[in-house]
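Visitor: Structure file entry-v1.cif, mmCIF, C-alpha atoms, is pasted below:
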data_my_file
loop_
_atom_site.label_atom_id
_atom_site.label_comp_id
_atom_site.auth_asym_id
_atom_site.auth_seq_id
_atom_site.Cartn_x
_atom_site.Cartn_y
_atom_site.Cartn_z
CA MET A 1 100.98 62.64 59.70
CA LYS A 2 100.48 59.02 60.79
CA LEU A 3 97.17 59.92 62.43
CA GLN A 4 95.95 61.74 59.31
CA ARG A 5 96.98 58.83 57.10
CA LYS A 6 95.14 56.38 59.39
CA ASN A 7 91.98 58.52 59.24
CA ARG A 8 92.15 58.69 55.43
CA LEU A 9 92.51 54.90 55.19
CA ARG A 10 89.60 54.42 57.61
CA ALA A 11 87.40 56.75 55.56
CA THR A 12 88.34 54.96 52.34
CA ALA A 13 87.48 51.59 53.87
CA LEU A 14 84.11 52.85 55.14
CA GLY A 15 83.35 54.30 51.70
CA ALA A 16 84.21 51.02 50.01
CA LEU A 17 82.01 49.18 52.50
CA ALA A 18 79.11 51.51 51.74
CA VAL A 19 79.52 50.98 47.99
CA SER A 20 79.77 47.23 48.51
CA GLY A 21 76.60 47.25 50.60
CA ALA A 22 74.78 49.25 47.96
CA LEU A 23 75.83 46.76 45.28
CA VAL A 24 74.65 43.83 47.38
CA LEU A 25 71.29 45.53 47.93
CA THR A 26 71.03 46.27 44.22
CA ALA A 27 71.82 42.65 43.34
CA CYS A 28 69.32 41.33 45.87
CA GLY A 29 66.67 43.66 44.54
CA SER A 30 67.37 42.85 40.87
CA ASP A 31 65.07 39.82 41.10
CA ASP A 32 62.17 42.16 41.78
CA ASN A 33 62.43 45.21 39.61
CA THR A 34 58.71 45.13 38.97
CA GLY A 35 57.91 45.81 42.61
CA GLY A 36 55.27 43.10 42.59
CA SER A 37 56.77 40.50 44.91
CA THR A 38 59.27 39.96 47.67
CA PRO A 39 62.68 38.59 46.68
CA GLY A 40 64.04 35.57 48.45
CA ASN A 41 60.76 33.73 49.02
CA GLY A 42 60.72 31.87 45.68
CA ASP A 43 57.74 33.94 44.48
CA LYS A 44 59.48 36.35 42.15
CA THR A 45 59.86 37.64 38.61
CA THR A 46 63.18 38.56 37.03
CA ALA A 47 63.02 41.69 34.92
CA ALA A 48 65.95 40.60 32.77
CA SER A 49 64.28 37.44 31.51
CA ASN A 50 60.64 37.91 32.51
CA ILE A 51 60.65 34.46 34.10
CA ASP A 52 57.87 34.14 36.67
CA CYS A 53 59.08 31.61 39.23
CA GLY A 54 55.73 31.61 40.99
CA LYS A 55 55.70 29.06 43.82
CA ALA A 56 58.28 26.81 42.14
CA LYS A 57 60.56 24.99 44.53
CA GLY A 58 62.71 21.91 44.94
CA GLN A 59 63.64 19.43 42.24
CA LEU A 60 61.69 18.65 39.09
CA ARG A 61 62.66 15.52 37.20
CA ALA A 62 61.74 15.10 33.55
CA SER A 63 62.96 12.93 30.69
CA GLY A 64 62.44 11.99 27.07
CA SER A 65 63.17 13.36 23.62
CA SER A 66 66.81 13.96 22.75
CA ALA A 67 65.59 16.02 19.79
CA GLN A 68 64.78 18.90 22.12
CA LYS A 69 67.90 18.51 24.27
CA ASN A 70 69.58 21.70 23.07
CA ALA A 71 66.37 23.70 23.56
CA MET A 72 65.84 22.18 26.98
CA ASP A 73 69.43 22.97 27.98
CA LEU A 74 68.85 26.64 27.19
CA TRP A 75 65.53 26.77 29.02
CA VAL A 76 66.88 25.00 32.10
CA LYS A 77 69.95 27.25 32.26
CA ASN A 78 67.90 30.45 32.04
CA TYR A 79 65.19 29.24 34.38
CA MET A 80 67.52 28.04 37.12
CA ALA A 81 69.50 31.28 36.92
CA ALA A 82 66.29 33.18 37.60
CA CYS A 83 64.69 30.87 40.15
CA SER A 84 67.04 30.10 43.02
CA GLY A 85 66.24 26.98 45.00
CA VAL A 86 64.75 25.20 41.98
CA GLU A 87 66.52 22.36 40.18
CA ILE A 88 65.29 21.12 36.81
CA ASN A 89 66.77 17.76 35.87
CA TYR A 90 65.92 16.75 32.28
CA ASN A 91 67.27 13.36 31.21
CA SER A 92 67.74 13.44 27.45
CA SER A 93 67.11 9.78 26.62
CA SER A 94 64.44 9.12 24.00
CA SER A 95 60.75 9.79 23.45
CA GLY A 96 59.88 6.18 24.19
CA GLU A 97 61.76 6.13 27.49
CA GLY A 98 60.27 9.48 28.47
CA ILE A 99 56.69 8.25 27.96
CA VAL A 100 57.42 5.09 29.97
CA ALA A 101 58.84 7.16 32.83
CA PHE A 102 55.85 9.53 32.72
CA ASN A 103 53.32 6.70 32.79
CA GLN A 104 55.20 5.12 35.68
CA GLY A 105 54.88 8.37 37.59
CA THR A 106 58.61 8.92 38.05
CA VAL A 107 58.85 12.30 36.24
CA GLY A 108 56.88 15.54 36.33
CA PHE A 109 56.64 15.71 32.55
CA ALA A 110 58.02 13.91 29.52
CA GLY A 111 59.37 15.14 26.19
CA SER A 112 58.25 13.32 23.05
CA ASP A 113 58.73 13.89 19.33
CA SER A 114 55.37 12.28 18.63
CA ALA A 115 51.97 12.55 20.26
CA LEU A 116 50.74 9.92 22.70
CA LYS A 117 49.14 6.86 21.17
CA PRO A 118 45.66 5.86 22.41
CA GLU A 119 47.10 3.01 24.46
CA GLU A 120 49.66 5.37 26.01
CA VAL A 121 46.87 7.79 26.96
CA THR A 122 45.03 4.91 28.64
CA GLU A 123 48.19 3.93 30.52
CA SER A 124 48.74 7.54 31.60
CA LYS A 125 45.52 7.54 33.62
CA LYS A 126 47.25 5.46 36.30
CA ALA A 127 49.85 8.18 36.86
CA CYS A 128 47.45 11.11 36.41
CA LYS A 129 44.88 9.68 38.86
CA THR A 130 42.04 12.11 38.09
CA GLY A 131 42.99 12.88 34.48
CA GLN A 132 45.13 11.74 31.59
CA GLY A 133 48.26 12.63 29.66
CA ILE A 134 48.01 15.43 27.10
CA ASN A 135 50.39 16.76 24.44
CA LEU A 136 51.66 20.35 24.55
CA PRO A 137 53.62 21.33 21.39
CA MET A 138 56.62 23.28 22.61
CA VAL A 139 59.46 22.95 20.09
CA GLY A 140 59.34 22.86 16.31
CA GLY A 141 62.05 22.43 13.77
CA PRO A 142 63.49 20.63 10.80
CA VAL A 143 64.76 17.07 10.95
CA ALA A 144 68.02 17.65 9.14
CA ILE A 145 69.47 15.00 6.87
CA GLY A 146 73.14 15.37 7.65
CA TYR A 147 75.87 13.92 5.47
CA ASN A 148 79.64 13.64 5.31
CA LEU A 149 80.97 13.36 1.79
CA GLU A 150 84.44 14.65 1.05
CA GLY A 151 84.43 17.24 -1.74
CA VAL A 152 80.64 17.66 -1.74
CA ASP A 153 79.41 20.69 0.17
CA LYS A 154 75.98 20.98 -1.48
CA LEU A 155 73.52 18.14 -1.96
CA THR A 156 69.85 17.85 -2.94
CA LEU A 157 67.66 14.79 -2.41
CA ASP A 158 63.93 14.09 -2.66
CA ALA A 159 61.67 11.79 -0.65
CA PRO A 160 61.82 8.74 -2.98
CA THR A 161 65.62 8.90 -3.11
CA LEU A 162 65.90 9.31 0.67
CA ALA A 163 63.58 6.35 1.15
CA LYS A 164 65.77 4.14 -1.04
CA ILE A 165 68.93 5.31 0.74
CA PHE A 166 67.60 4.54 4.24
CA ASP A 167 66.13 1.26 2.97
CA THR A 168 69.61 0.41 1.60
CA LYS A 169 68.24 0.11 -1.95
CA ILE A 170 70.64 2.86 -3.09
CA LYS A 171 74.12 1.90 -1.99
CA LYS A 172 76.53 4.27 -3.78
CA TRP A 173 76.78 8.06 -3.72
CA ASN A 174 77.11 8.25 -7.51
CA ASP A 175 73.87 6.34 -8.06
CA PRO A 176 71.94 7.73 -11.08
CA ALA A 177 68.99 8.76 -8.88
CA ILE A 178 71.26 10.98 -6.76
CA ALA A 179 73.16 12.27 -9.79
CA LYS A 180 69.93 13.32 -11.50
CA LEU A 181 69.08 15.60 -8.58
CA ASN A 182 72.59 17.05 -8.43
CA GLU A 183 73.65 17.98 -11.95
CA GLY A 184 77.16 19.39 -12.07
CA VAL A 185 78.13 17.89 -8.70
CA ASP A 186 81.09 15.48 -8.76
CA LEU A 187 79.66 12.56 -6.78
CA PRO A 188 82.23 9.94 -5.70
CA ASP A 189 81.97 6.20 -6.30
CA LYS A 190 81.75 5.62 -2.58
CA ALA A 191 79.57 3.40 -0.40
CA ILE A 192 76.75 5.08 1.52
CA GLN A 193 76.90 4.55 5.28
CA ALA A 194 73.35 5.19 6.52
CA PHE A 195 72.90 5.72 10.26
CA HIS A 196 69.67 5.47 12.26
CA ARG A 197 68.63 5.57 15.91
CA SER A 198 69.22 2.43 17.95
CA GLU A 199 66.44 3.07 20.49
CA ASP A 200 62.76 3.99 20.18
CA SER A 201 62.69 7.54 18.88
CA GLY A 202 60.06 10.08 17.95
CA THR A 203 62.53 11.50 15.43
CA THR A 204 62.59 8.12 13.71
CA GLN A 205 58.80 8.09 13.71
CA ASN A 206 58.65 11.58 12.16
CA LEU A 207 61.08 10.54 9.43
CA GLY A 208 58.87 7.50 8.80
CA LYS A 209 55.75 9.69 8.60
CA TYR A 210 57.45 11.96 6.08
CA LEU A 211 58.76 9.13 3.90
CA GLY A 212 55.44 7.26 4.08
CA ALA A 213 53.50 10.35 3.02
CA ALA A 214 55.89 11.79 0.43
CA ALA A 215 57.26 8.51 -1.00
CA PRO A 216 54.58 5.86 -0.40
CA ASN A 217 55.76 3.67 -3.26
CA GLU A 218 59.34 3.52 -1.96
CA TRP A 219 58.75 3.42 1.83
CA LYS A 220 56.41 0.60 2.82
CA TYR A 221 57.04 0.62 6.57
CA GLU A 222 54.70 1.81 9.29
CA ALA A 223 55.77 5.02 11.02
CA GLU A 224 56.95 3.65 14.37
CA LYS A 225 59.47 4.81 16.95
CA LYS A 226 61.58 1.70 16.40
CA TRP A 227 63.70 1.74 13.24
CA PRO A 228 61.86 -0.54 10.76
CA ALA A 229 64.17 -1.10 7.79
CA PRO A 230 66.90 -3.74 7.47
CA GLY A 231 70.56 -2.81 7.12
CA GLY A 232 72.18 0.45 8.00
CA GLN A 233 74.04 1.24 11.21
CA ALA A 234 72.63 2.27 14.57
CA ALA A 235 73.69 4.89 17.11
CA SER A 236 72.16 6.09 20.35
CA GLY A 237 70.33 9.40 20.48
CA SER A 238 70.41 12.29 18.04
CA SER A 239 73.83 13.18 19.41
CA GLY A 240 75.11 9.66 18.68
CA VAL A 241 73.87 9.66 15.08
CA ALA A 242 75.32 13.13 14.53
CA ALA A 243 78.67 12.05 15.97
CA GLN A 244 78.86 9.08 13.60
CA VAL A 245 78.00 11.19 10.56
CA LYS A 246 80.64 13.70 11.61
CA GLN A 247 83.31 10.98 11.84
CA VAL A 248 82.53 8.68 8.90
CA ASP A 249 83.21 9.73 5.30
CA GLY A 250 80.28 8.61 3.17
CA ALA A 251 77.83 8.76 6.08
CA ILE A 252 74.26 10.05 6.13
CA GLY A 253 71.84 10.28 9.05
CA TYR A 254 68.93 12.21 10.50
CA PHE A 255 68.80 14.47 13.54
CA GLU A 256 67.55 17.88 14.55
CA LEU A 257 69.16 20.90 12.91
CA SER A 258 70.68 22.06 16.20
CA PHE A 259 72.98 19.02 16.20
CA ALA A 260 74.08 19.76 12.63
CA LYS A 261 74.78 23.39 13.48
CA SER A 262 76.69 22.64 16.67
CA GLN A 263 78.94 20.10 14.91
CA ASN A 264 79.21 21.90 11.56
CA ILE A 265 77.65 19.02 9.62
CA SER A 266 76.47 19.61 6.04
CA THR A 267 72.74 19.14 5.49
CA VAL A 268 70.65 18.03 2.52
CA ALA A 269 68.27 20.39 0.70
CA ILE A 270 64.97 18.62 -0.02
CA ASP A 271 63.23 18.86 -3.37
CA ASN A 272 59.56 18.95 -2.35
CA GLY A 273 58.27 19.83 -5.81
CA GLY A 274 58.40 23.58 -5.23
CA SER A 275 60.26 26.08 -7.38
CA ALA A 276 63.57 25.26 -5.68
CA PRO A 277 64.89 22.74 -3.14
CA ALA A 278 64.22 23.79 0.45
CA GLU A 279 67.16 24.11 2.82
CA ALA A 280 66.91 22.82 6.39
CA THR A 281 66.48 26.12 8.24
CA SER A 282 64.29 27.28 11.12
CA GLU A 283 62.52 29.73 8.82
CA ASN A 284 61.72 27.08 6.21
CA ALA A 285 60.54 24.65 8.89
CA SER A 286 58.22 27.32 10.27
CA LYS A 287 56.61 27.64 6.83
CA ALA A 288 55.69 23.96 6.98
CA ILE A 289 54.64 23.92 10.66
CA ALA A 290 52.38 26.94 10.14
CA ALA A 291 50.06 24.71 8.11
CA ALA A 292 49.66 22.24 11.00
CA LYS A 293 46.20 21.62 12.44
CA VAL A 294 45.29 20.67 16.01
CA LYS A 295 43.93 17.12 15.92
CA GLY A 296 43.75 16.61 19.69
CA THR A 297 40.52 17.02 21.63
CA GLY A 298 39.84 18.82 24.89
CA LYS A 299 43.08 20.10 26.38
CA ASP A 300 45.18 17.84 24.15
CA LEU A 301 47.01 19.89 21.49
CA ALA A 302 48.50 17.16 19.32
CA LEU A 303 49.15 18.46 15.79
CA GLU A 304 48.69 17.05 12.32
CA LEU A 305 51.59 18.06 10.08
CA ASP A 306 51.50 18.25 6.29
CA TYR A 307 54.55 16.28 5.12
CA THR A 308 53.58 16.58 1.46
CA THR A 309 53.54 20.37 1.23
CA LYS A 310 54.82 21.81 -2.01
CA ALA A 311 54.81 25.40 -0.78
CA ASP A 312 57.85 27.34 -1.98
CA GLY A 313 60.57 27.35 0.62
CA ALA A 314 58.74 25.02 3.00
CA TYR A 315 61.06 22.34 4.38
CA PRO A 316 58.72 19.34 4.61
CA LEU A 317 60.66 17.06 6.97
CA VAL A 318 59.73 18.66 10.28
CA LEU A 319 58.88 17.55 13.76
CA VAL A 320 57.15 19.05 16.74
CA THR A 321 58.32 18.05 20.18
CA TYR A 322 55.64 17.81 22.86
CA GLU A 323 55.85 18.13 26.60
CA VAL A 324 53.52 15.51 28.04
CA VAL A 325 51.71 16.39 31.28
CA CYS A 326 48.52 15.41 33.07
CA ASP A 327 45.52 17.62 32.32
CA THR A 328 44.46 17.04 35.93
CA GLY A 329 45.97 14.92 38.66
CA ASN A 330 49.53 16.25 38.41
CA LYS A 331 51.69 15.59 41.46
CA PRO A 332 51.05 18.42 43.94
CA GLU A 333 54.70 18.56 45.02
CA THR A 334 55.89 19.42 41.49
CA LEU A 335 52.80 21.00 39.91
CA ASP A 336 53.80 24.61 40.63
CA THR A 337 57.28 24.04 39.21
CA VAL A 338 55.93 22.27 36.10
CA LYS A 339 53.55 25.16 35.41
CA SER A 340 56.19 27.83 36.04
CA PHE A 341 58.89 26.15 33.94
CA LEU A 342 56.64 25.26 31.00
CA SER A 343 55.11 28.75 31.09
CA TYR A 344 58.60 30.15 30.54
CA ALA A 345 59.30 27.66 27.72
CA ALA A 346 56.07 28.72 25.97
CA SER A 347 56.62 32.44 26.60
CA ASP A 348 57.77 34.91 23.96
CA ASP A 349 61.26 34.88 25.51
CA GLY A 350 61.38 31.08 25.72
CA GLN A 351 60.32 30.65 22.11
CA LYS A 352 62.52 33.46 20.81
CA ILE A 353 65.76 31.71 21.78
CA LEU A 354 64.87 28.59 19.76
CA THR A 355 65.79 29.98 16.35
CA ASP A 356 69.44 30.61 17.19
CA ALA A 357 69.68 27.01 18.41
CA GLY A 358 68.36 25.62 15.12
CA TYR A 359 64.75 25.11 16.17
CA ALA A 360 61.54 26.80 15.07
CA PRO A 361 59.10 28.55 17.42
CA ILE A 362 55.58 27.15 17.67
CA PRO A 363 53.17 29.29 15.57
CA ALA A 364 51.55 32.02 17.68
CA GLU A 365 47.97 30.81 17.22
CA ILE A 366 48.85 27.35 18.55
CA ASN A 367 51.17 28.67 21.24
CA THR A 368 48.39 30.83 22.69
CA LYS A 369 46.41 27.64 23.33
CA VAL A 370 49.49 26.02 24.88
CA ARG A 371 49.85 28.87 27.38
CA GLU A 372 46.17 28.73 28.31
CA THR A 373 46.38 24.98 28.86
CA ILE A 374 49.50 25.23 31.05
CA ASN A 375 47.81 27.89 33.17
CA GLY A 376 44.85 25.56 33.74
CA LEU A 377 46.82 22.47 34.77
CA SER A 378 45.77 21.11 38.15
#
Turn this file's structure into structure tokens for me.
Guide:
Amino acid sequence: MKLQRKNRLRATALGALAVSGALVLTACGSDDNTGGSTPGNGDKTTAASNIDCGKAKGQLRASGSSAQKNAMDLWVKNYMAACSGVEINYNSSSSGEGIVAFNQGTVGFAGSDSALKPEEVTESKKACKTGQGINLPMVGGPVAIGYNLEGVDKLTLDAPTLAKIFDTKIKKWNDPAIAKLNEGVDLPDKAIQAFHRSEDSGTTQNLGKYLGAAAPNEWKYEAEKKWPAPGGQAASGSSGVAAQVKQVDGAIGYFELSFAKSQNISTVAIDNGGSAPAEATSENASKAIAAAKVKGTGKDLALELDYTTKADGAYPLVLVTYEVVCDTGNKPETLDTVKSFLSYAASDDGQKILTDAGYAPIPAEINTKVRETINGLS
């Protein structure tokens, strides 16, 4: 009996080992279900996510826009899960800091909420050696105007009123200009606490472009990355502004919709002159971004947005975040990883996940050009 029991246990153990080995083989082979490459050599495609790792390897450092942080977090997580041995380190600082780092040659690419200025393109030629920096639109979305006002869960504003609020010309929530846009809403006699970015920010610049275009009589400042108006309170990064709005009753600020969604912050509907105020949603932002035109030349795909659109449902306060790379002269040690990672970000899968995070995919016609440009980077 003891001998039979020992044989049964031995057979069970061998069977378990065989199953375990089969599972290991299946897991190892899961990186290569297409049969087109050999797993384990870094040159693979994952069937689950369709991420082509190509010859990507080592560490890739990048920095810049905090507006795209939540999108970048998703991309990095998915990409690194698919491509073993590759580390993507994106420092979510600000557009201004990202461009400086790129032009100093310390990062493989930079994220920016606004296209490179002519002087920044000139500066980029030092880092790009044989080429220059170009703009690749990768993330779209609404710049949400978030607010915290006890008892008010629905609020409409227009560009002139927003301009006066952020220029501290309107100081109370029950101001007649706000009340006129919100009939039937019980607005409190409470001071407005307006928050803006403390550091150079492409999101600030996009807000300035919108206010300058849609409310030129009320907003007299140039659209720059540095906050131009007096007064108000400053916070660091989109996350910092969102955190302050979340905490302070009477607060208002601007940040990407993903920050409002993740922190459950109420957002303003914008009256753009259409049939009804437009809510800050990915779908409504896409309606505005779809009208954008490429203003860049050559491989540069910088866009011109229409901030004054009156199309029904189009949310006019939008931004497009660019990834800034060299058209030629990219660092050879990171070029393969840059191309592989950005190809995933611009892919159907990479763009598809943006909506759930509060962003808007880049329109297909423009995105096709982005993919072609990434493929031709050298």
Visitor: Please write the residues picked by the PyMOL selection byres ((chain A and resi 338) around 8) on this file as a list in words.
Guide: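 This file, filtered by the PyMOL selection byres ((chain A and resi 338) around 8), leaves Ala56, Leu60, Gly108, Phe109, Thr334, Leu335, Asp336, Thr337, Lys339, Ser340, Phe341 and Leu342 of chain A.
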Visitor: Quick one: pull the distance between atom CA of Cys326 of chain A and atom CA of Thr368 of chain A, Å, one decimal.
Guide: 18.6 Å
Visitor: With distances taken over only C-alpha atoms, which of A:Thr309, A:Ser201, A:Ser92, A:Ser258 is nearest to Ala235 of chain A?
Guide: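 For Ala235 of chain A, the nearest of the given residues is A:Ser201.
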Visitor: Could you work out how far atom CA of Ala243 of chain A lies from atom CA of Leu74 of chain A, giving the answer in Å with one decimal?
Guide: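 Between atom CA of Leu74 of chain A and atom CA of Ala243 of chain A the gap works out to 20.9 Å.
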Visitor: By how many Å are atom CA of Asp300 of chain A and atom CA of Val86 of chain A apart?
Guide: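 Distance between the two atoms: 27.5 Å.
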Visitor: Taking the file above as input, evaluate the PyMOL selection byres ((chain A and resi 283) around 9) and report the hits as an NGL selection string.
Guide: :A and (141 or 280-282 or 284-287 or 313-315 or 355 or 359-360)
Visitor: Tell me, as a compact mmCIF listing (two decimals) with C-alpha atoms, in the frame of the given file, which residues lie within 9 Å of Glu222 of chain A, counting only C-alpha atoms; anything in the same chain fewer than 5 positions away does not count.
Guide:
# COMPACT_ATOMS: atom_id res chain seq x y z
CA GLN A 205 58.80 8.09 13.71
CA GLY A 208 58.87 7.50 8.80
CA LYS A 209 55.75 9.69 8.60
CA GLY A 212 55.44 7.26 4.08
CA PRO A 228 61.86 -0.54 10.76
Visitor: Name all residues at most 6 Å from Gly133 of chain A (count only C-alpha atoms; drop same-chain ones fewer than 4 positions away) and give them as a list in words.
Guide: Val121, Ser124, Val325 and Cys326 of chain A
Visitor: I'd like to know which of A:Ala291, A:Ile265, A:Ile270, A:Leu301 is closest to Leu162 of chain A, using all atoms listed in the file.
Guide: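 Closest to Leu162 of chain A of all the choices is A:Ile270.
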Visitor: For each of A:Cys83, A:Ala67, A:Ile362, A:Ala159, take the minimum atom-to-atom distance to Glu256 of chain A, counting all atoms listed in the file, then give the residue where this is smallest.
Guide: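 Closest to Glu256 of chain A, using all atoms listed in the file: A:Ala67.
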Visitor: Please, which residues are within 8 Å of (71.4, 25.7, 3.0) by the file's coordinates, counting only C-alpha atoms, and could they come as a PyMOL selection string?
Guide: chain A and resi 154+267-269+278-281
